[in-house]
Amino acid sequence: MRFLVLAFGSANLPGGLTLGSVDTATSVQDRALRDGPFDGPASALTGIQLLDEPDLDAVLDGLPAVGTFEVRPLA
Amino acid sequence: MTPSDDALADAWRAHWSRLIGLLIGQFARPDLAEDAVSDAFESAARHWPVDGVPTNTGAWLLTAARRRVLDRLRSEAVARRKEPLMVVDDEMRAAAAAVVDPGAHVADERLRLIFACCHPAIAPDDRVALTLRFVVGLTTTEIGRLLLVQESTMAARLTRAKKRLASSGIPFATPAAERLDERLDVVATVVYLAFTSGYHPGVGAEPLRVDLGDEAIRLLRVLDSLLPDRAVVRSLLALLLLQHSRRDTRLDESGALVLLPDQDRTRWHRDEITEGVALLSSLADASRSTADPAGHQSRLATEYRLQALIAAEHATAPTAADTRWSVIADLYAQLEALTGSPVVRLARSVAVAEADGPDAGLQLLDGLDDALPRHHRVPAVRAELLRRAGHPTAAAAAYRAALSLVTNPTERTHLESRLADLEA
């Protein structure tokens, strides 16, 4: 089985990936953008994807047209 | 104004946004670019009156601003601070670093700057603030006053927005061709908001250093020269020219509002009206020609074009009595069908009242109180039309309803005097 551990608040995962601050997040709902993080419950999280793209526009272009997403650079 | 004041004002107009764009292009640090260009202009204000105005003001400012960025980068390196870098491609960085004279340079980075400030991943209010700061070059104090936000709040918002620009992955780039029209619509919305904010500056505000109307028009001209033949840019340029042409007649000497029919038409700026009307006819030609392969005209472009056509009707009527109200009423009907906006319906009711009488206008006001519950103009228009239809008592009640909602002191004075006339 593969597991994913998510860290919250000031928790730090040695050897894990550190996300940029919430200020750097962009939320997307059915292609509409909003600045800031996804503001629903953390339990709504259903998947993750790690991408190497030149910029935010390239990431946004690759997202499905329907659904709620949050895009955040790694710190 | 001394010669060096003039030179400074000219340099600010010609170079502010280019310098910011070049420095972001070279160093990928929006925060440092802004501080450095501000410092360079402050330094110019100290040195030019004493040492004389340099032959090439742009090159002087660029050198001063670059030196300032390098100083800051050195002290950050000593403190081992690592700040996030904006996404700038290597080619752009090399090209920006090689520029010596911003005046002689093709201003590609200005376009990048505009699109970055108006990126849809930035909050709409912050897009306006960033554009006014980075592209137009207003101070935080001025932006706060224009957008009716306290200076400290505005400073905090700009800091946050700049951080976002640098660290959320927004590219310092002109959007790809397939995304350009959509992004240009966002830019146009920002420019229009900036323009209209210039027409309701804060209560008791000191006169502004700049005329925001002029600046918005200047920005559209830059866009039009860098991205020619875009319907949304041309339509908005026509609209702003036509609205702005009446700027000298909107208020009387005491600062009271002068309504359109009472404005002195000889003091409207004819050259701007001529240009606005010419732009509109060029747009009409373009939309008729089948040569436009995409046939693309965004809803927003059509909206601006209709608004500009309405403004053109007013601007070209020789006297208020000659206004072609039935043409205007028809344009408003098209605009309402396009936008579904109750504010447009309100304006349409005024035009219809002029064309077909006050009763026809009053009918169109039905239901608007629910759609615009806090809007003083709904009862204000109703009051005016009731007065004309010969119902003074109902008109007075509507004026009082409008007075209970109005916040702008100029409009309050106007409504009070209308009510007093009625009761006299």
# chains A, B, ... in the order shown; residues from 1 in each chain; ligands from 1
>>> interface_residues(of="chain B", to="chain A", cutoff="7 Å", atoms="only C-alpha atoms", output="list of chain:residue names")
B:Val87, B:Pro120, B:Ala121, B:Ile122, B:Ala123, B:Arg164, B:Ser167, B:Ser168, B:Gly169, B:Ile170, B:Pro171
>>> select_by_dssp(residues="range 62-159 of chain B", states="alpha helix (DSSP H)", output="PyMOL selection string")
chain B and resi 62-78+90-98+108-117+124-130+140-146+151-159
>>> residues_around(residues="Leu422 in chain B", least_positions_apart="6", cutoff="9 Å", atoms="only C-alpha atoms", output="number ranges by chain")
B: 387, 392-393, 395-396
>>> write_last_selection(atoms="C-alpha atoms", output="mmCIF file, in the first residue's frame")
data_model
loop_
_atom_site.group_PDB
_atom_site.id
_atom_site.type_symbol
_atom_site.label_atom_id
_atom_site.label_comp_id
_atom_site.auth_asym_id
_atom_site.auth_seq_id
_atom_site.Cartn_x
_atom_site.Cartn_y
_atom_site.Cartn_z
ATOM 1 C CA ARG B 387 -42.240 65.590 -11.491
ATOM 2 C CA PRO B 392 -45.404 66.764 -7.449
ATOM 3 C CA THR B 393 -46.436 65.049 -4.194
ATOM 4 C CA ALA B 395 -42.128 63.217 -6.763
ATOM 5 C CA ALA B 396 -41.278 64.887 -3.430
#
>>> atom_distance(atom1="CA of Phe38 in chain A", atom2="CA of Leu51 in chain A")
18.4 Å
>>> atom_distance(atom1="CA of Pro318 in chain B", atom2="CA of Asp264 in chain B")
10.9 Å
>>> atom_distance(atom1="CA of Ala28 in chain B", atom2="CA of Val232 in chain B")
29.7 Å
>>> residues_around(residues="range 72-80 of chain B", least_positions_apart="6", cutoff="12 Å", atoms="only C-alpha atoms", output="PyMOL selection string")
chain B and resi 27-29+31-33+35-36+65-66
>>> residues_around(residues="range 101-117 of chain B", least_positions_apart="6", cutoff="8 Å", atoms="only C-alpha atoms", output="mmCIF file with N, CA and C atoms, in the first residue's frame")
data_model
loop_
_atom_site.group_PDB
_atom_site.id
_atom_site.type_symbol
_atom_site.label_atom_id
_atom_site.label_comp_id
_atom_site.auth_asym_id
_atom_site.auth_seq_id
_atom_site.Cartn_x
_atom_site.Cartn_y
_atom_site.Cartn_z
ATOM 1 N N ALA B 14 7.139 59.077 -19.257
ATOM 2 C CA ALA B 14 7.744 58.288 -20.336
ATOM 3 C C ALA B 14 8.350 56.989 -19.820
ATOM 4 N N HIS B 15 8.890 57.010 -18.605
ATOM 5 C CA HIS B 15 9.770 55.900 -18.218
ATOM 6 C C HIS B 15 9.324 55.042 -17.047
ATOM 7 N N SER B 17 6.820 53.016 -16.083
ATOM 8 C CA SER B 17 6.425 51.616 -16.255
ATOM 9 C C SER B 17 7.487 50.834 -17.030
ATOM 10 N N ARG B 18 8.188 51.518 -17.937
ATOM 11 C CA ARG B 18 9.262 50.828 -18.664
ATOM 12 C C ARG B 18 10.375 50.401 -17.727
ATOM 13 N N LEU B 19 10.731 51.319 -16.802
ATOM 14 C CA LEU B 19 11.809 51.000 -15.865
ATOM 15 C C LEU B 19 11.402 49.842 -14.957
ATOM 16 N N GLY B 21 9.242 47.529 -15.612
ATOM 17 C CA GLY B 21 9.207 46.331 -16.448
ATOM 18 C C GLY B 21 10.610 45.806 -16.726
ATOM 19 N N LEU B 22 11.528 46.713 -17.050
ATOM 20 C CA LEU B 22 12.906 46.284 -17.346
ATOM 21 C C LEU B 22 13.565 45.664 -16.126
ATOM 22 N N GLY B 25 12.099 42.343 -15.471
ATOM 23 C CA GLY B 25 12.637 41.470 -16.504
ATOM 24 C C GLY B 25 14.044 41.006 -16.156
ATOM 25 N N ASN B 56 20.022 62.194 -21.393
ATOM 26 C CA ASN B 56 19.144 61.037 -21.549
ATOM 27 C C ASN B 56 18.598 60.655 -20.165
ATOM 28 N N GLY B 58 16.082 58.809 -19.274
ATOM 29 C CA GLY B 58 15.734 57.399 -19.094
ATOM 30 C C GLY B 58 16.953 56.569 -18.727
ATOM 31 N N ALA B 59 18.060 56.798 -19.443
ATOM 32 C CA ALA B 59 19.283 56.040 -19.174
ATOM 33 C C ALA B 59 19.799 56.359 -17.769
ATOM 34 N N LEU B 62 17.597 54.558 -15.269
ATOM 35 C CA LEU B 62 17.815 53.110 -15.316
ATOM 36 C C LEU B 62 19.104 52.737 -14.577
ATOM 37 N N ARG B 127 -5.731 43.751 -8.588
ATOM 38 C CA ARG B 127 -5.294 44.012 -9.972
ATOM 39 C C ARG B 127 -5.285 45.508 -10.237
ATOM 40 N N VAL B 128 -6.361 46.177 -9.799
ATOM 41 C CA VAL B 128 -6.454 47.626 -10.023
ATOM 42 C C VAL B 128 -5.332 48.336 -9.280
ATOM 43 N N LEU B 130 -2.448 47.167 -8.151
ATOM 44 C CA LEU B 130 -1.121 46.869 -8.724
ATOM 45 C C LEU B 130 -0.887 47.632 -10.020
ATOM 46 N N THR B 131 -1.925 47.697 -10.859
ATOM 47 C CA THR B 131 -1.774 48.404 -12.139
ATOM 48 C C THR B 131 -1.535 49.891 -11.897
ATOM 49 N N PHE B 134 2.233 49.948 -10.421
ATOM 50 C CA PHE B 134 3.348 49.502 -11.269
ATOM 51 C C PHE B 134 3.295 50.086 -12.671
ATOM 52 N N VAL B 135 2.111 50.199 -13.232
ATOM 53 C CA VAL B 135 2.024 50.628 -14.630
ATOM 54 C C VAL B 135 1.823 52.135 -14.716
ATOM 55 N N LEU B 165 2.620 38.217 -6.693
ATOM 56 C CA LEU B 165 3.179 38.351 -8.039
ATOM 57 C C LEU B 165 4.500 37.575 -8.135
ATOM 58 N N ILE B 170 2.851 33.252 -11.234
ATOM 59 C CA ILE B 170 2.352 34.092 -12.327
ATOM 60 C C ILE B 170 3.531 34.462 -13.226
ATOM 61 N N PRO B 171 3.431 34.213 -14.541
ATOM 62 C CA PRO B 171 4.592 34.505 -15.396
ATOM 63 C C PRO B 171 4.661 35.986 -15.784
ATOM 64 N N PHE B 172 5.876 36.489 -15.910
ATOM 65 C CA PHE B 172 6.088 37.825 -16.458
ATOM 66 C C PHE B 172 6.158 37.651 -17.973
ATOM 67 N N ALA B 173 4.968 37.539 -18.582
ATOM 68 C CA ALA B 173 4.925 37.163 -19.992
ATOM 69 C C ALA B 173 3.644 37.651 -20.643
ATOM 70 N N THR B 174 3.699 37.879 -21.951
ATOM 71 C CA THR B 174 2.487 38.148 -22.720
ATOM 72 C C THR B 174 1.784 36.813 -22.945
ATOM 73 N N PRO B 175 0.476 36.738 -22.689
ATOM 74 C CA PRO B 175 -0.206 35.444 -22.803
ATOM 75 C C PRO B 175 -0.113 34.858 -24.205
ATOM 76 N N ARG B 183 -7.556 37.319 -21.730
ATOM 77 C CA ARG B 183 -6.754 38.072 -20.765
ATOM 78 C C ARG B 183 -6.843 39.569 -21.029
ATOM 79 N N LEU B 184 -7.001 39.928 -22.284
ATOM 80 C CA LEU B 184 -7.138 41.341 -22.633
ATOM 81 C C LEU B 184 -8.438 41.915 -22.060
ATOM 82 N N VAL B 187 -7.667 42.882 -18.578
ATOM 83 C CA VAL B 187 -6.912 44.139 -18.575
ATOM 84 C C VAL B 187 -7.858 45.320 -18.804
ATOM 85 N N LEU B 223 -1.425 50.037 -25.126
ATOM 86 C CA LEU B 223 -1.927 48.702 -25.478
ATOM 87 C C LEU B 223 -2.271 48.626 -26.961
ATOM 88 N N LEU B 226 0.863 48.377 -29.021
ATOM 89 C CA LEU B 226 1.600 47.116 -28.893
ATOM 90 C C LEU B 226 0.792 45.921 -29.403
#
>>> residues_around(residues="Ala42 in chain A", least_positions_apart="3", cutoff="10 Å", atoms="only C-alpha atoms", output="list in words")
Leu6, Phe8, Phe38, Asp39, Leu45 and Thr46 of chain A
>>> write_last_selection(atoms="N, CA and C atoms", output="PDB file, in the first residue's frame")
ATOM      1  N   LEU A   6      -0.100  14.156   5.065  1.00  0.00           N
ATOM      2  CA  LEU A   6      -0.263  15.603   4.885  1.00  0.00           C
ATOM      3  C   LEU A   6       0.115  16.297   6.189  1.00  0.00           C
ATOM      4  N   PHE A   8      -0.006  19.796   8.584  1.00  0.00           N
ATOM      5  CA  PHE A   8      -0.818  21.003   8.759  1.00  0.00           C
ATOM      6  C   PHE A   8      -0.164  21.971   9.739  1.00  0.00           C
ATOM      7  N   PHE A  38      -7.897  26.784  -1.106  1.00  0.00           N
ATOM      8  CA  PHE A  38      -9.215  26.154  -1.068  1.00  0.00           C
ATOM      9  C   PHE A  38      -9.781  26.365   0.332  1.00  0.00           C
ATOM     10  N   ASP A  39     -11.018  26.898   0.430  1.00  0.00           N
ATOM     11  CA  ASP A  39     -11.493  27.243   1.773  1.00  0.00           C
ATOM     12  C   ASP A  39     -12.532  26.250   2.298  1.00  0.00           C
ATOM     13  N   LEU A  45     -10.254  16.716   0.727  1.00  0.00           N
ATOM     14  CA  LEU A  45      -9.113  16.404  -0.143  1.00  0.00           C
ATOM     15  C   LEU A  45      -9.276  15.007  -0.753  1.00  0.00           C
ATOM     16  N   THR A  46      -9.157  14.914  -2.075  1.00  0.00           N
ATOM     17  CA  THR A  46      -9.356  13.608  -2.709  1.00  0.00           C
ATOM     18  C   THR A  46      -8.164  13.157  -3.549  1.00  0.00           C
TER      19      THR A  46
END
>>> select_by_dssp(residues="range 6-75 of chain A", states="strand (DSSP E)", output="list of chain:residue names")
A:Thr26, A:Ser27, A:Val28, A:Gln29, A:Ala32, A:Leu33, A:Arg34, A:Asp35, A:Thr68, A:Phe69, A:Glu70, A:Val71
